[in-house]
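Text of data-v4.txt, listed as compact mmCIF, C-alpha atoms:
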# COMPACT_ATOMS: atom_id res chain seq x y z
CA MET A 18 -27.35 -20.56 35.55
CA LYS A 19 -25.14 -23.01 37.50
CA ASN A 20 -26.25 -26.47 38.55
CA VAL A 21 -24.68 -28.98 40.92
CA PHE A 22 -25.54 -32.67 40.94
CA LEU A 23 -25.49 -34.29 44.39
CA PHE A 24 -25.26 -38.05 44.85
CA PRO A 25 -26.39 -39.57 48.18
CA GLY A 26 -24.65 -42.11 50.38
CA GLN A 27 -25.54 -45.12 52.48
CA GLY A 28 -28.58 -44.74 54.68
CA SER A 29 -30.67 -43.11 51.94
CA GLN A 30 -31.82 -46.43 50.43
CA PHE A 31 -35.46 -47.50 50.45
CA ALA A 32 -37.29 -50.62 49.27
CA GLY A 33 -38.45 -50.41 45.66
CA MET A 34 -36.15 -47.49 44.84
CA GLY A 35 -35.70 -46.77 41.13
CA LYS A 36 -38.36 -49.17 39.82
CA ASP A 37 -40.43 -46.45 38.14
CA PHE A 38 -37.33 -45.24 36.27
CA TYR A 39 -36.58 -48.82 35.21
CA ASP A 40 -40.15 -49.28 34.01
CA ASN A 41 -40.26 -46.01 32.06
CA PHE A 42 -36.80 -45.37 30.58
CA GLU A 43 -34.53 -47.52 28.40
CA GLU A 44 -31.48 -45.55 29.66
CA ALA A 45 -32.26 -46.64 33.21
CA ARG A 46 -32.76 -50.27 32.22
CA LYS A 47 -29.32 -50.33 30.58
CA VAL A 48 -27.68 -49.15 33.83
CA TYR A 49 -29.34 -51.85 35.93
CA ASP A 50 -28.50 -54.50 33.32
CA LEU A 51 -24.85 -53.39 33.37
CA ALA A 52 -24.81 -53.48 37.18
CA ASN A 53 -26.13 -57.06 37.14
CA GLU A 54 -23.60 -58.12 34.52
CA VAL A 55 -20.54 -56.51 36.14
CA THR A 56 -21.27 -57.58 39.72
CA ASN A 57 -22.83 -60.97 38.96
CA MET A 58 -25.53 -59.98 41.44
CA ASN A 59 -29.22 -59.30 40.84
CA ILE A 60 -29.09 -55.58 41.63
CA LYS A 61 -32.53 -55.03 40.09
CA GLU A 62 -34.13 -57.60 42.38
CA ILE A 63 -32.38 -56.20 45.47
CA CYS A 64 -33.44 -52.63 44.61
CA PHE A 65 -37.02 -53.42 43.71
CA GLU A 66 -37.92 -56.37 45.93
CA ALA A 67 -35.59 -56.54 48.94
CA THR A 68 -36.80 -55.56 52.38
CA ASP A 69 -35.31 -52.58 54.20
CA GLU A 70 -33.23 -55.07 56.19
CA GLY A 71 -31.85 -56.64 53.00
CA LEU A 72 -30.97 -53.22 51.62
CA LYS A 73 -29.23 -52.26 54.85
CA LYS A 74 -26.45 -54.78 54.14
CA THR A 75 -23.47 -52.61 53.21
CA GLN A 76 -22.59 -54.22 49.87
CA ASN A 77 -26.24 -54.22 48.77
CA ALA A 78 -26.82 -50.63 49.85
CA GLN A 79 -23.73 -49.24 48.12
CA LEU A 80 -24.39 -50.99 44.82
CA CYS A 81 -28.12 -50.27 44.80
CA ILE A 82 -27.76 -46.58 45.64
CA ALA A 83 -25.10 -46.18 42.95
CA ALA A 84 -27.19 -48.08 40.39
CA MET A 85 -30.23 -45.93 41.03
CA SER A 86 -28.22 -42.70 41.02
CA LEU A 87 -26.51 -43.63 37.75
CA ALA A 88 -29.81 -44.71 36.18
CA VAL A 89 -31.49 -41.41 37.06
CA LEU A 90 -28.36 -39.52 35.95
CA GLU A 91 -28.56 -41.17 32.51
CA VAL A 92 -32.22 -40.16 32.20
CA ILE A 93 -31.57 -36.58 33.30
CA SER A 94 -28.59 -36.26 30.96
CA LYS A 95 -30.74 -37.51 28.05
CA LYS A 96 -33.20 -34.76 28.93
CA GLY A 97 -30.40 -32.21 28.40
CA ILE A 98 -29.86 -31.22 32.04
CA LYS A 99 -26.19 -30.70 32.89
CA ALA A 100 -24.23 -29.58 35.95
CA GLU A 101 -21.01 -27.62 36.37
CA TYR A 102 -20.27 -29.24 39.74
CA ALA A 103 -20.74 -32.71 41.24
CA ALA A 104 -20.41 -33.95 44.79
CA GLY A 105 -21.30 -37.22 46.47
CA LEU A 106 -21.61 -38.41 50.03
CA SER A 107 -19.19 -41.29 50.65
CA LEU A 108 -20.14 -43.91 47.99
CA GLY A 109 -21.98 -41.13 46.12
CA GLU A 110 -18.59 -39.67 45.23
CA TYR A 111 -18.08 -42.61 42.85
CA VAL A 112 -21.15 -41.57 40.86
CA GLY A 113 -19.70 -38.04 40.79
CA LEU A 114 -16.43 -39.46 39.42
CA VAL A 115 -18.36 -41.22 36.66
CA TYR A 116 -20.15 -37.99 35.76
CA GLY A 117 -16.85 -36.10 35.88
CA GLY A 118 -15.15 -38.47 33.44
CA PHE A 119 -12.65 -39.91 35.92
CA LEU A 120 -14.24 -43.36 36.25
CA SER A 121 -16.18 -45.65 33.90
CA MET A 122 -19.59 -46.89 34.98
CA GLU A 123 -18.37 -50.47 34.73
CA ASP A 124 -15.37 -49.77 37.00
CA CYS A 125 -17.66 -47.90 39.40
CA PHE A 126 -19.70 -51.07 39.93
CA LYS A 127 -16.59 -53.24 40.20
CA LEU A 128 -15.10 -51.01 42.85
CA LEU A 129 -18.26 -50.54 44.90
CA LYS A 130 -18.87 -54.29 45.02
CA MET A 131 -15.45 -54.79 46.61
CA ARG A 132 -15.66 -51.61 48.70
CA GLY A 133 -18.97 -52.69 50.20
CA TYR A 134 -17.71 -56.22 50.85
CA PHE A 135 -14.53 -55.05 52.58
CA MET A 136 -16.32 -52.38 54.62
CA GLU A 137 -18.82 -54.95 55.84
CA ASN A 138 -16.50 -57.89 56.49
CA LEU A 139 -12.99 -56.59 57.25
CA ILE A 140 -13.69 -54.89 60.55
CA PRO A 141 -13.10 -56.02 64.15
CA ASN A 142 -15.95 -58.22 65.34
CA GLU A 143 -17.74 -55.73 67.59
CA GLU A 144 -21.11 -53.95 67.67
CA TYR A 145 -21.13 -50.59 65.88
CA SER A 146 -23.50 -47.73 65.18
CA MET A 147 -23.58 -44.19 63.80
CA ALA A 148 -25.60 -41.19 64.94
CA ALA A 149 -26.35 -37.73 63.58
CA ILE A 150 -25.83 -34.89 66.04
CA ILE A 151 -27.89 -31.83 65.14
CA GLY A 152 -27.59 -28.28 66.39
CA LEU A 153 -24.21 -28.47 68.09
CA ASP A 154 -20.85 -27.08 66.95
CA SER A 155 -18.54 -29.77 65.54
CA ARG A 156 -15.73 -28.71 67.88
CA GLU A 157 -17.93 -29.52 70.87
CA ILE A 158 -18.71 -32.91 69.33
CA GLU A 159 -15.02 -33.61 68.73
CA LYS A 160 -14.24 -32.82 72.38
CA VAL A 161 -16.95 -35.14 73.74
CA CYS A 162 -15.74 -37.96 71.48
CA GLU A 163 -12.16 -37.36 72.58
CA ASP A 164 -13.15 -37.52 76.27
CA ILE A 165 -14.95 -40.84 75.73
CA ARG A 166 -11.98 -42.28 73.86
CA LYS A 167 -9.78 -41.44 76.86
CA GLU A 168 -11.95 -43.91 78.79
CA GLY A 169 -10.95 -46.66 76.34
CA LYS A 170 -14.15 -46.52 74.27
CA PHE A 171 -14.18 -45.81 70.53
CA VAL A 172 -16.25 -43.01 68.96
CA VAL A 173 -15.20 -40.31 66.46
CA PRO A 174 -16.78 -37.77 64.07
CA ALA A 175 -17.26 -39.48 60.69
CA ASN A 176 -19.33 -37.07 58.58
CA TYR A 177 -19.30 -33.27 58.74
CA ASN A 178 -22.55 -32.71 56.84
CA TYR A 179 -23.01 -28.98 57.47
CA SER A 180 -22.25 -26.57 60.27
CA GLY A 181 -25.25 -27.78 62.27
CA GLN A 182 -24.90 -31.54 61.78
CA THR A 183 -22.06 -33.96 62.41
CA VAL A 184 -22.32 -37.75 62.31
CA ILE A 185 -20.40 -39.80 64.87
CA SER A 186 -19.34 -43.41 64.40
CA GLY A 187 -17.93 -46.11 66.65
CA ASN A 188 -18.71 -48.92 69.05
CA LYS A 189 -22.41 -49.11 69.90
CA GLU A 190 -21.85 -48.51 73.62
CA ALA A 191 -19.56 -45.53 73.00
CA VAL A 192 -21.93 -43.97 70.45
CA ALA A 193 -24.83 -44.35 72.90
CA LYS A 194 -22.76 -42.67 75.63
CA ALA A 195 -21.78 -39.86 73.28
CA MET A 196 -25.41 -39.35 72.26
CA GLU A 197 -26.41 -38.83 75.89
CA ALA A 198 -23.45 -36.53 76.59
CA LEU A 199 -24.17 -34.45 73.49
CA LYS A 200 -27.84 -34.10 74.43
CA ALA A 201 -26.66 -32.77 77.79
CA LYS A 202 -24.33 -30.34 75.95
CA GLY A 203 -27.32 -28.85 74.15
CA ALA A 204 -27.69 -30.79 70.90
CA LYS A 205 -31.15 -30.13 69.44
CA ARG A 206 -31.51 -33.72 68.25
CA VAL A 207 -29.49 -36.94 68.18
CA VAL A 208 -30.57 -39.63 65.70
CA GLU A 209 -29.19 -43.15 65.33
CA LEU A 210 -28.69 -43.94 61.63
CA ASN A 211 -29.70 -46.84 59.38
CA THR A 212 -26.13 -48.09 58.82
CA SER A 213 -24.25 -51.16 59.96
CA GLY A 214 -20.57 -50.33 60.42
CA PRO A 215 -17.97 -47.90 61.81
CA PHE A 216 -17.63 -46.16 58.46
CA HIS A 217 -15.01 -43.47 57.86
CA THR A 218 -12.99 -44.43 60.93
CA GLU A 219 -9.72 -46.20 61.66
CA LYS A 220 -11.66 -49.40 62.35
CA LEU A 221 -11.66 -49.93 58.58
CA GLU A 222 -7.87 -49.91 58.23
CA GLU A 223 -7.74 -53.56 57.13
CA ALA A 224 -10.53 -52.86 54.63
CA ARG A 225 -8.55 -49.87 53.34
CA LYS A 226 -5.46 -51.99 52.73
CA GLU A 227 -7.38 -54.65 50.78
CA TYR A 228 -9.39 -52.07 48.86
CA GLU A 229 -6.19 -50.29 47.84
CA LYS A 230 -5.22 -53.45 45.92
CA GLU A 231 -8.50 -53.29 43.96
CA LEU A 232 -8.04 -49.60 43.18
CA LYS A 233 -4.61 -50.33 41.67
CA LYS A 234 -6.32 -52.49 39.03
CA ILE A 235 -8.36 -49.54 37.71
CA THR A 236 -7.41 -47.11 34.96
CA PHE A 237 -8.79 -43.69 35.89
CA GLY A 238 -9.77 -41.13 33.26
CA ASN A 239 -8.57 -37.57 32.73
CA GLY A 240 -11.91 -35.99 33.55
CA ASN A 241 -14.09 -33.55 31.64
CA GLU A 242 -15.36 -30.03 32.27
CA VAL A 243 -17.35 -31.04 35.40
CA LYS A 244 -15.79 -29.97 38.71
CA VAL A 245 -15.95 -32.93 41.11
CA ILE A 246 -15.44 -32.22 44.82
CA LYS A 247 -13.56 -34.63 47.08
CA ASN A 248 -15.05 -35.86 50.35
CA LEU A 249 -11.56 -36.08 51.79
CA ASP A 250 -10.66 -32.38 51.86
CA GLY A 251 -13.32 -30.44 49.94
CA LYS A 252 -10.95 -29.72 47.05
CA LEU A 253 -11.57 -30.36 43.35
CA TYR A 254 -10.33 -33.53 41.67
CA THR A 255 -7.71 -33.11 38.96
CA LYS A 256 -6.34 -35.62 36.45
CA SER A 257 -2.99 -35.61 38.26
CA ASP A 258 -4.51 -36.79 41.56
CA ASP A 259 -3.47 -40.10 43.10
CA PHE A 260 -6.91 -41.74 42.97
CA VAL A 261 -5.70 -44.92 44.65
CA ASP A 262 -4.45 -43.00 47.67
CA ILE A 263 -7.45 -40.67 47.87
CA LEU A 264 -10.15 -43.33 47.50
CA SER A 265 -8.47 -45.79 49.88
CA LYS A 266 -8.05 -43.08 52.54
CA HIS A 267 -11.65 -42.09 51.91
CA ILE A 268 -13.03 -45.09 53.82
CA VAL A 269 -11.01 -44.38 56.98
CA SER A 270 -11.34 -40.56 56.94
CA PRO A 271 -14.26 -38.25 57.78
CA VAL A 272 -16.53 -37.05 54.97
CA ARG A 273 -16.22 -33.26 54.67
CA PHE A 274 -19.42 -32.25 52.87
CA ASP A 275 -19.33 -29.07 54.93
CA LYS A 276 -16.35 -27.98 52.82
CA ALA A 277 -18.24 -28.69 49.59
CA LEU A 278 -21.00 -26.39 50.85
CA SER A 279 -18.45 -23.60 51.21
CA ILE A 280 -17.44 -24.08 47.56
CA PHE A 281 -21.07 -23.91 46.47
CA ALA A 282 -21.66 -20.70 48.41
CA GLU A 283 -18.52 -19.08 47.00
CA ASN A 284 -19.43 -19.96 43.41
CA ASN A 285 -23.07 -18.82 43.45
CA ILE A 286 -24.71 -22.11 42.49
CA ASP A 287 -28.32 -21.62 41.35
CA ASN A 288 -29.78 -25.15 41.47
CA PHE A 289 -28.95 -28.13 43.68
CA ILE A 290 -30.18 -31.40 42.18
CA GLU A 291 -29.93 -34.53 44.32
CA ILE A 292 -29.92 -37.62 42.11
CA GLY A 293 -30.74 -40.91 43.79
CA PRO A 294 -32.72 -42.06 46.83
CA GLY A 295 -33.83 -39.61 49.50
CA LYS A 296 -33.26 -35.92 50.04
CA SER A 297 -30.62 -35.76 52.76
CA MET A 298 -28.04 -33.80 50.78
CA THR A 299 -30.42 -31.10 49.59
CA GLY A 300 -31.55 -30.97 53.22
CA PHE A 301 -27.98 -30.09 54.23
CA VAL A 302 -27.81 -27.46 51.49
CA LYS A 303 -31.04 -25.79 52.62
CA LYS A 304 -29.70 -25.48 56.16
CA GLU A 305 -26.54 -23.72 55.02
CA ILE A 306 -27.57 -21.82 51.86
CA LYS A 307 -30.99 -20.35 52.59
CA GLU A 308 -31.71 -19.06 49.07
CA ALA A 309 -30.85 -22.39 47.39
CA LYS A 310 -33.25 -23.92 44.88
CA CYS A 311 -33.21 -27.63 45.65
CA TYR A 312 -34.59 -30.66 43.85
CA SER A 313 -34.37 -34.31 44.95
CA ILE A 314 -35.00 -36.81 42.17
CA ASP A 315 -35.90 -40.30 43.35
CA THR A 316 -39.19 -40.81 41.46
CA VAL A 317 -40.34 -40.10 37.92
CA GLU A 318 -42.88 -37.67 39.38
CA LYS A 319 -40.08 -35.62 40.97
CA LEU A 320 -38.15 -35.72 37.68
CA ASN A 321 -41.14 -34.14 35.95
CA GLU A 322 -41.29 -31.47 38.65
CA LEU A 323 -37.60 -30.74 38.02
CA LEU A 324 -38.17 -30.45 34.27
CA GLY A 325 -40.99 -28.01 34.91
CA GLY A 326 -38.98 -25.98 37.40
CA LEU A 327 -35.76 -25.40 35.47
How does the structure come out when it is put into structure tokens?
Amino acid sequence: MKNVFLFPGQGSQFAGMGKDFYDNFEEARKVYDLANEVTNMNIKEICFEATDEGLKKTQNAQLCIAAMSLAVLEVISKKGIKAEYAAGLSLGEYVGLVYGGFLSMEDCFKLLKMRGYFMENLIPNEEYSMAAIIGLDSREIEKVCEDIRKEGKFVVPANYNYSGQTVISGNKEAVAKAMEALKAKGAKRVVELNTSGPFHTEKLEEARKEYEKELKKITFGNGNEVKVIKNLDGKLYTKSDDFVDILSKHIVSPVRFDKALSIFAENNIDNFIEIGPGKSMTGFVKKEIKEAKCYSIDTVEKLNELLGGL
């Protein structure tokens, strides 16, 4: 039986997330305590008490989602559940790198604090948004975005989630125009997302340059037996990879989760276990791999369902 652990990205956060794990498991408490210590921020308070608006702030969202995912991962690992593969969505990839032995948990929190800060603050002072386009081929979406850019407006594909969903990112006006054009092209749904920046686009080039300096301070590990899939190109990480180059490019390049789905299909994965807030990633899996057994673990109740189902 093959398992894959999936770690969600920004937009999946919700107020109060992870509190029941903190209340019930010592392993989870240790993760939140480490997050507080490393970041010098009250991650617990933000996770458990902040409003949705407070959690939407990029630095808060990235750290809180990672803290919850790592806390649940520690609990699941203690229960003896393991995975052969790991994949994350944007910031979720860092949790995958921790599980895969390439990154320490402490360095994960250090990096995500700076990553979130740079992604929120080192961008041109404009209004931005992101939107999910559902039920339209990605090539059609690319063409519409390209046509709008020829008019001097900025919008590009940022996340290729699965064959039937692509997320676009850019200036608010351009994204709104693209949403209307893509509806007219036959998109089944277009949904504006709960995010606050032009993530995974060239607008973050200054953030990439500054973040690269932080990455150079980190000592990356050699990995373990877990196969961790890159967002950048859908290939597996190896100990010889240039992590500084990959992870800095990551914030200005589209997320290719669609390519990870191809790897899962080719390797006959049995169980897809999403660890952290929400169930977006298992939702993508279900759309592409119809026979998939999917679990999303963001409450203790769902953890117990997982333990009963495996």
Requested in this report: Fewer than 5 positions away in the same chain doesn't count, so skip those; otherwise give me all residues within 8 Å of stretch 210-226 of chain A, counting only C-alpha atoms, as number ranges by chain.
Outcome: A: 27-28, 73-75, 132, 135-137, 139-141, 145-149, 173, 175-176, 186-188, 265-272
**Report entry** Gap from atom CA of A:Asn288 to atom CA of A:Asn20 - Å, one decimal
**Finding:** 4.8 Å
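Checking A:Ser257, A:Lys205, A:Met122, A:Met131 one by one against A:Lys230, counting all atoms listed in the file, you find the shortest gap at A:Met131.
When only C-alpha atoms are used to measure the gap to A:Lys95, the shortest distance among A:Ala45, A:Asn53, A:Gly118, A:Lys127 belongs to A:Ala45.
Using all atoms listed in the file, the shortest contact distance between A:Gly181 and any of A:Tyr49, A:Phe24, A:Tyr39, A:Phe301 is found at A:Phe301.
Considering all atoms listed in the file, the residue among A:Glu66, A:Gly251, A:Lys310, A:Val89 positioned nearest to A:Phe42 is A:Val89.
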May I have the residues within 7 Å of A:Lys130 as a CSV table (one decimal) with C-alpha atoms, in the frame of the given file, using only C-alpha atoms and disregarding those fewer than 4 positions away in the same chain?
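Result file out.csv:
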chain,number,residue,atom,x,y,z
A,56,THR,CA,-21.3,-57.6,39.7
A,76,GLN,CA,-22.6,-54.2,49.9
A,80,LEU,CA,-24.4,-51.0,44.8
A,126,PHE,CA,-19.7,-51.1,39.9
A,134,TYR,CA,-17.7,-56.2,50.8
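By chain and then residue number, the residues within 7 Å of A:Asp287 are Met18, Lys19, Asn20, Asn285, Phe289, Ala309 and Lys310 of chain A, counting all atoms listed in the file and disregarding those fewer than 2 positions away in sequence.
Straight-line separation from atom CA of A:Ala193 to atom CA of A:Ser155: 17.5 Å.
The space between atom CA of A:Thr236 and atom CA of A:Leu120 spans 7.9 Å.
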Selection: 7 Å around A:Leu23, only C-alpha atoms, excl. self and same-chain fewer than 3 positions, as a tab-separated table (two decimals) with C-alpha atoms, in the frame of the given file:
chain	number	residue	atom	x	y	z
A	103	ALA	CA	-20.74	-32.71	41.24
A	104	ALA	CA	-20.41	-33.95	44.79
A	105	GLY	CA	-21.30	-37.22	46.47
A	290	ILE	CA	-30.18	-31.40	42.18
A	291	GLU	CA	-29.93	-34.53	44.32
A	292	ILE	CA	-29.92	-37.62	42.11
A	298	MET	CA	-28.04	-33.80	50.78
Requested in this report: Have a look at A:Leu108, A:Ala191, A:Ile280, A:Ile235 and name the one nearest to A:Gly133; count only C-alpha atoms.
Outcome: A:Leu108
Query raised in the report: Looking at A:Ile165, A:Ile150, A:Val317, A:Ile306, which one is nearest to A:Gly293, with distances taken over only C-alpha atoms?
Result: A:Val317
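Taking only C-alpha atoms into account, those protein, DNA and RNA residues with any atom at most 8 Å away from (-14.9, -45.1, 40.2) amount to Tyr111, Val112, Leu114, Val115, Phe119, Leu120, Ser121, Met122, Asp124, Cys125, Phe126, Leu128, Leu129 and Phe237 of chain A.
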Report task. Using all atoms listed in the file, give me every residue within 6 Å of (-31.6, -50.7, 42.3) in file coordinates, as a VMD selection string. Result -> chain A and resid 35 60 to 61 64 81 84 to 85
Since the input is missing atoms for stretch 61-95 of chain A, could you rebuild it with N, CA and C atoms and give the result as a PDB file, in the frame of the given file?
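This is the output file part-v9.pdb:
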ATOM      1  N   LYS A  61     -31.126 -55.416  40.320  1.00  0.00           N
ATOM      2  CA  LYS A  61     -32.530 -55.030  40.090  1.00  0.00           C
ATOM      3  C   LYS A  61     -33.438 -55.625  41.168  1.00  0.00           C
ATOM      4  N   GLU A  62     -33.273 -56.919  41.403  1.00  0.00           N
ATOM      5  CA  GLU A  62     -34.130 -57.600  42.380  1.00  0.00           C
ATOM      6  C   GLU A  62     -33.923 -57.023  43.777  1.00  0.00           C
ATOM      7  N   ILE A  63     -32.662 -56.753  44.131  1.00  0.00           N
ATOM      8  CA  ILE A  63     -32.380 -56.200  45.470  1.00  0.00           C
ATOM      9  C   ILE A  63     -33.019 -54.819  45.604  1.00  0.00           C
ATOM     10  N   CYS A  64     -32.858 -53.984  44.573  1.00  0.00           N
ATOM     11  CA  CYS A  64     -33.440 -52.630  44.610  1.00  0.00           C
ATOM     12  C   CYS A  64     -34.950 -52.653  44.712  1.00  0.00           C
ATOM     13  N   PHE A  65     -35.568 -53.483  43.882  1.00  0.00           N
ATOM     14  CA  PHE A  65     -37.020 -53.420  43.710  1.00  0.00           C
ATOM     15  C   PHE A  65     -37.797 -54.306  44.666  1.00  0.00           C
ATOM     16  N   GLU A  66     -37.148 -55.382  45.169  1.00  0.00           N
ATOM     17  CA  GLU A  66     -37.920 -56.370  45.930  1.00  0.00           C
ATOM     18  C   GLU A  66     -37.394 -56.637  47.335  1.00  0.00           C
ATOM     19  N   ALA A  67     -36.150 -56.251  47.616  1.00  0.00           N
ATOM     20  CA  ALA A  67     -35.590 -56.540  48.940  1.00  0.00           C
ATOM     21  C   ALA A  67     -36.302 -55.739  50.027  1.00  0.00           C
ATOM     22  N   THR A  68     -36.262 -56.278  51.233  1.00  0.00           N
ATOM     23  CA  THR A  68     -36.800 -55.560  52.380  1.00  0.00           C
ATOM     24  C   THR A  68     -35.800 -54.475  52.794  1.00  0.00           C
ATOM     25  N   ASP A  69     -36.220 -53.595  53.667  1.00  0.00           N
ATOM     26  CA  ASP A  69     -35.310 -52.580  54.200  1.00  0.00           C
ATOM     27  C   ASP A  69     -34.101 -53.236  54.862  1.00  0.00           C
ATOM     28  N   GLU A  70     -34.325 -54.370  55.520  1.00  0.00           N
ATOM     29  CA  GLU A  70     -33.230 -55.070  56.190  1.00  0.00           C
ATOM     30  C   GLU A  70     -32.228 -55.609  55.164  1.00  0.00           C
ATOM     31  N   GLY A  71     -32.729 -56.138  54.054  1.00  0.00           N
ATOM     32  CA  GLY A  71     -31.850 -56.640  53.000  1.00  0.00           C
ATOM     33  C   GLY A  71     -31.049 -55.521  52.361  1.00  0.00           C
ATOM     34  N   LEU A  72     -31.660 -54.368  52.220  1.00  0.00           N
ATOM     35  CA  LEU A  72     -30.970 -53.220  51.620  1.00  0.00           C
ATOM     36  C   LEU A  72     -29.963 -52.601  52.579  1.00  0.00           C
ATOM     37  N   LYS A  73     -30.131 -52.847  53.867  1.00  0.00           N
ATOM     38  CA  LYS A  73     -29.230 -52.260  54.850  1.00  0.00           C
ATOM     39  C   LYS A  73     -27.840 -52.879  54.782  1.00  0.00           C
ATOM     40  N   LYS A  74     -27.744 -54.115  54.289  1.00  0.00           N
ATOM     41  CA  LYS A  74     -26.450 -54.780  54.140  1.00  0.00           C
ATOM     42  C   LYS A  74     -25.538 -53.885  53.305  1.00  0.00           C
ATOM     43  N   THR A  75     -24.328 -53.640  53.784  1.00  0.00           N
ATOM     44  CA  THR A  75     -23.470 -52.610  53.210  1.00  0.00           C
ATOM     45  C   THR A  75     -23.230 -52.801  51.712  1.00  0.00           C
ATOM     46  N   GLN A  76     -22.863 -53.998  51.290  1.00  0.00           N
ATOM     47  CA  GLN A  76     -22.590 -54.220  49.870  1.00  0.00           C
ATOM     48  C   GLN A  76     -23.835 -53.962  49.035  1.00  0.00           C
ATOM     49  N   ASN A  77     -24.991 -54.452  49.491  1.00  0.00           N
ATOM     50  CA  ASN A  77     -26.240 -54.220  48.770  1.00  0.00           C
ATOM     51  C   ASN A  77     -26.564 -52.738  48.685  1.00  0.00           C
ATOM     52  N   ALA A  78     -26.460 -52.059  49.808  1.00  0.00           N
ATOM     53  CA  ALA A  78     -26.820 -50.630  49.850  1.00  0.00           C
ATOM     54  C   ALA A  78     -25.947 -49.818  48.910  1.00  0.00           C
ATOM     55  N   GLN A  79     -24.631 -50.053  48.946  1.00  0.00           N
ATOM     56  CA  GLN A  79     -23.730 -49.240  48.120  1.00  0.00           C
ATOM     57  C   GLN A  79     -23.992 -49.452  46.643  1.00  0.00           C
ATOM     58  N   LEU A  80     -24.146 -50.707  46.227  1.00  0.00           N
ATOM     59  CA  LEU A  80     -24.390 -50.990  44.820  1.00  0.00           C
ATOM     60  C   LEU A  80     -25.755 -50.488  44.362  1.00  0.00           C
ATOM     61  N   CYS A  81     -26.761 -50.662  45.192  1.00  0.00           N
ATOM     62  CA  CYS A  81     -28.120 -50.270  44.800  1.00  0.00           C
ATOM     63  C   CYS A  81     -28.270 -48.752  44.722  1.00  0.00           C
ATOM     64  N   ILE A  82     -27.690 -48.051  45.678  1.00  0.00           N
ATOM     65  CA  ILE A  82     -27.760 -46.580  45.640  1.00  0.00           C
ATOM     66  C   ILE A  82     -27.033 -46.055  44.406  1.00  0.00           C
ATOM     67  N   ALA A  83     -25.854 -46.606  44.128  1.00  0.00           N
ATOM     68  CA  ALA A  83     -25.100 -46.180  42.950  1.00  0.00           C
ATOM     69  C   ALA A  83     -25.855 -46.497  41.668  1.00  0.00           C
ATOM     70  N   ALA A  84     -26.440 -47.699  41.592  1.00  0.00           N
ATOM     71  CA  ALA A  84     -27.190 -48.080  40.390  1.00  0.00           C
ATOM     72  C   ALA A  84     -28.359 -47.142  40.147  1.00  0.00           C
ATOM     73  N   MET A  85     -29.106 -46.845  41.210  1.00  0.00           N
ATOM     74  CA  MET A  85     -30.230 -45.930  41.030  1.00  0.00           C
ATOM     75  C   MET A  85     -29.753 -44.543  40.633  1.00  0.00           C
ATOM     76  N   SER A  86     -28.723 -44.037  41.316  1.00  0.00           N
ATOM     77  CA  SER A  86     -28.220 -42.700  41.020  1.00  0.00           C
ATOM     78  C   SER A  86     -27.739 -42.606  39.565  1.00  0.00           C
ATOM     79  N   LEU A  87     -27.013 -43.626  39.116  1.00  0.00           N
ATOM     80  CA  LEU A  87     -26.510 -43.630  37.750  1.00  0.00           C
ATOM     81  C   LEU A  87     -27.643 -43.760  36.738  1.00  0.00           C
ATOM     82  N   ALA A  88     -28.663 -44.558  37.069  1.00  0.00           N
ATOM     83  CA  ALA A  88     -29.810 -44.710  36.180  1.00  0.00           C
ATOM     84  C   ALA A  88     -30.551 -43.382  36.012  1.00  0.00           C
ATOM     85  N   VAL A  89     -30.804 -42.704  37.118  1.00  0.00           N
ATOM     86  CA  VAL A  89     -31.490 -41.410  37.060  1.00  0.00           C
ATOM     87  C   VAL A  89     -30.609 -40.379  36.349  1.00  0.00           C
ATOM     88  N   LEU A  90     -29.299 -40.432  36.611  1.00  0.00           N
ATOM     89  CA  LEU A  90     -28.360 -39.520  35.950  1.00  0.00           C
ATOM     90  C   LEU A  90     -28.416 -39.687  34.435  1.00  0.00           C
ATOM     91  N   GLU A  91     -28.473 -40.922  33.956  1.00  0.00           N
ATOM     92  CA  GLU A  91     -28.560 -41.170  32.510  1.00  0.00           C
ATOM     93  C   GLU A  91     -29.837 -40.570  31.937  1.00  0.00           C
ATOM     94  N   VAL A  92     -30.939 -40.713  32.666  1.00  0.00           N
ATOM     95  CA  VAL A  92     -32.220 -40.160  32.200  1.00  0.00           C
ATOM     96  C   VAL A  92     -32.166 -38.638  32.160  1.00  0.00           C
ATOM     97  N   ILE A  93     -31.660 -38.043  33.213  1.00  0.00           N
ATOM     98  CA  ILE A  93     -31.570 -36.580  33.300  1.00  0.00           C
ATOM     99  C   ILE A  93     -30.643 -36.032  32.209  1.00  0.00           C
ATOM    100  N   SER A  94     -29.530 -36.700  31.988  1.00  0.00           N
ATOM    101  CA  SER A  94     -28.590 -36.260  30.960  1.00  0.00           C
ATOM    102  C   SER A  94     -29.240 -36.314  29.574  1.00  0.00           C
ATOM    103  N   LYS A  95     -30.029 -37.380  29.334  1.00  0.00           N
ATOM    104  CA  LYS A  95     -30.740 -37.510  28.050  1.00  0.00           C
ATOM    105  C   LYS A  95     -31.740 -36.378  27.867  1.00  0.00           C
TER     106      LYS A  95
END
